[in-house]
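The block underneath contains the structure these notes are about, expressed in C-alpha cells.
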Amino acid sequence: MTLSPTARWTTGWLSAAAWALSFPLFSALAPHRLWGWCAAAGYLGAAAATALGRRRAALAAALLGAVAVPLLWLVLTGQGQSEVTVIERSGRLLLDSGRLYVDRPAHVEEYTPYLPGMALLGIPRALLGGDGSGDGWAVRLLGDARIWCAAALFGCLWAARRLLGGGPGGGPGGGPGDGPGRLLPVLVASPVVALPLAVSGVDLPLAGLCCLALAAAASGRPVLTGATLAGACALKWTALPAVAVAVALLAVLRGGRPAVRCALVAVGGTALLVLPAALLQPAELWRQVFAFPTGRAQVPTPASSPLPGRLLVELGPWGWYLAVGLLLSGGLAVALSLLARPPRTVVAAADRLALGLTLAFLLAPAGRFGYLALPVLLSVWARSVAVPGASRVVTGSFRLRPSDGGRPRARNERPGGHFA
C-alpha cells in the first residue's frame with residue numbers, strides 16, 4: 001500500500017517529534033533536553049498542519065520549534081555544549097597571544113580538538129569583549145560561536161546553489177519537501193541540522209565547506225575548489241576525504257590538469273593556515289587535535305557512543321590497533337573506488353564522501369552518533385540541488401546524458417562524439 005504525500009510527511013514529522021522527545025527522557029545534557037521539548041512541540045505542530053493541508057505552516061512550525069526558539073533561548077541564556085566555549089576560547093587566545101591551545105591541559109574542557117581555522121569563529125566573542133556573564137543580549141547574540149557557525153553553513157550553501165545555477169522550486173507534490181528546491185529548508189528544520197545548530201554548531205561550517213567544494217568542482221572551478229577544501233581542512237582533519245572526492249570529480253569532468261591544480265591549492269592553502277600553529281605549538285597540536293580525539297591522550301575523550309570502533313577499543317590495547325586498521329582499510333577501499341568508478345555528478349560525489357565519512361565515524365576509536373549528521377546532510381543537500389526527472393544532469397559546462405553512459409559531453413558536441 002502506497003501512502004499519500006500528506007501521510008508520508010505527517011509520518012515524518014511525527015517520527016521527528018518522537019526522536020526529539022527521546023532527549024528530555026534520556027539525555028543528561030540540559031541544552032539537549034531543552035531542545036528536545038521545543039523541537040517536539042514544533043514537529044507535532046508541523047504534523048498537525050500537514051494533516052490539515054497547510055504545508056508552509058508545517059515548515060514554519062518545525063523551523064520555529066526546532067531551530068529559532070531553542071537557539072535564541074540557549075544563546076541568550078549562555079547555555080550550550082562545551083564546544084561553544086572551546087571555540088570562543090581559541091579565538092580569544094589567538095587575539096591575545098597568537099596561540100590556539102592551552103599548554104598542558106589537565107581537564108577535558110581545556111582541550112581544543114580543532115585545527116586553527118576553527119578559532120576564527122570565536123573571534124567575534126573576543127572582539128566584543130564578552131565573557132558570557134552579565135553581557136547584554138546583543139553581545140551574547142553577535143558573539144556566540146553558534147551564530148557564526150550557522151552563518152558559515154548557510155553562506156556556503158547559498159554560494160553552492162549559485163554555482164550550480166540554483167534548483168527549481170519543485171513541482172507538484174504533497175509536502176513541503178517535494179521538489180529539490182524545498183528539501184533544504186526541511187533539512188534545516190530536521191534534527192540532523194536543528195540539534196547541532198542549537199546546542200553546539202561546531203560541525204556545521206565543515207559541512208557547508210564540503211558542500212561548497214563539491215559544487216565548485218562540479219562547476220569546473222579548480223582554484224575555488226582547492227581554496228574551499230583548504231578552509232575545510234583547516235577546521236578539522238576529518239575533512240581530508242573531501243579532498244580526494246572533489247579532485248576525483250574534477251578529474252572526470254575537466255581532466256587531469258584542473259584536478260592537479262585543485263589538489264595543489266588545497267594542500268598549499270591548508271599548510272598556510274595550519275603551519276603557523278604547528279610551528280608555534282607542535283606538541284599541543286598533536287596532543288589535542290590528533291591524540292585526544294582518537295583516545296590516545298592522558299585525558300579520555302567524552303565522545304564515547306557505542307559505535308564499532310569504540311567497542312573495539314574497550315577490548316584492550318590490541319582493540320585500538322584493530323579499530324585503526326579497519327579505519328585505514330575503509331579509507332583505502334573508498335580511495336580505490338574513486339579510481340575505479342569516479343563520481344560524475346554532485347549527487348554521486350556527495351554520496352561517496354558520505355560513505356567515506358560514515359565508515360570513518362563508525363570505525364574511529366572514539367566517536368559520537370551526532371557525527372553521522374554530516375554524511376546525512378551531504379546526501380540530502382546534493383539532492384536538494386539536483387534536477388529530478390530531467391534527461392540530463394548539468395554540472396558546470398558539461399552535460400551528462402544517459403545515452404552517453406555518463407561520459408561528460410561538451411556543450412557543442414554532437415551525440416556521435418563529433419564537435420559542431
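Convention: chains lettered A, B, ... in C-alpha cells order; per-chain residue numbering from 1; ligands numbered from 1 as shown.
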Discussion item. Env of Trp320 (chain A): 10 Å cut, atoms = only C-alpha atoms, seq-sep filter 5 positions within chain, self excluded. Answer as an MDAnalysis selection string.
Written reply: chainID A and resid 294:296 309:315 325:326 364:366
Item to complete: Please provide as a VMD selection string all residues within 7 Å of Ser90 (chain A), with the sequence filter that same-chain residues fewer than 3 positions apart are discarded (counting only C-alpha atoms).
Response: chain A and resid 86 to 87 93 to 94 100 to 101 119 122
Discussion item. Just list as an MDAnalysis selection string whatever in region 208-305 of chain A DSSP marks as alpha helix (DSSP H).
Written reply: chainID A and resid 208:218 222:233 240:254 256:280 282:285
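Those residues that approach Gly42 (chain A) to within 10 Å, counting only C-alpha atoms, are Trp13, Ala16, Ala17, Ala20, Gly36, Trp37, Ala47, Ala48, Ala58, Leu59, Ala60, Ala61, Ala62, Leu63, Leu64, Gly65, Ala66, Val67, Val69 and Ala189 of chain A; same-chain residues fewer than 5 positions away are not listed.
Closest approach to Val265 (chain A) from the set A:Pro282, A:Gly226, A:Pro241, A:Gly331 is made by A:Gly226, with distances taken over only C-alpha atoms.
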Between region 175-224 of chain A and region 371-379 of chain A, at 8 Å or less, what are the per-residue closest atom pairs and their distances in Å? Count only C-alpha atoms, order by chain and rising residue number, and return it as CSV.
```
residue,atom,partner,partner_atom,distance
A:Leu187,CA,A:Leu377,CA,7.4
A:Val192,CA,A:Ala373,CA,5.2
A:Val193,CA,A:Ala373,CA,7.3
A:Asp203,CA,A:Leu374,CA,7.5
A:Ala207,CA,A:Leu374,CA,6.1
A:Cys210,CA,A:Leu378,CA,8.0
A:Cys211,CA,A:Leu378,CA,6.7
```
Next, dump the selected residues to file, keeping only C-alpha atoms, as a PDB file, in the first residue's frame.
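Listed below is the output, selection_23.pdb:
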```pdb
ATOM      1  CA  LEU A 187      16.808  19.675   6.130  1.00  0.00           C
ATOM      2  CA  VAL A 192      20.096  16.444  11.558  1.00  0.00           C
ATOM      3  CA  VAL A 193      20.794  20.190  11.419  1.00  0.00           C
ATOM      4  CA  ASP A 203      30.309  20.649  12.630  1.00  0.00           C
ATOM      5  CA  ALA A 207      29.554  20.568   6.300  1.00  0.00           C
ATOM      6  CA  CYS A 210      32.316  20.360   1.908  1.00  0.00           C
ATOM      7  CA  CYS A 211      29.096  21.143   0.018  1.00  0.00           C
TER       8      CYS A 211
END
```
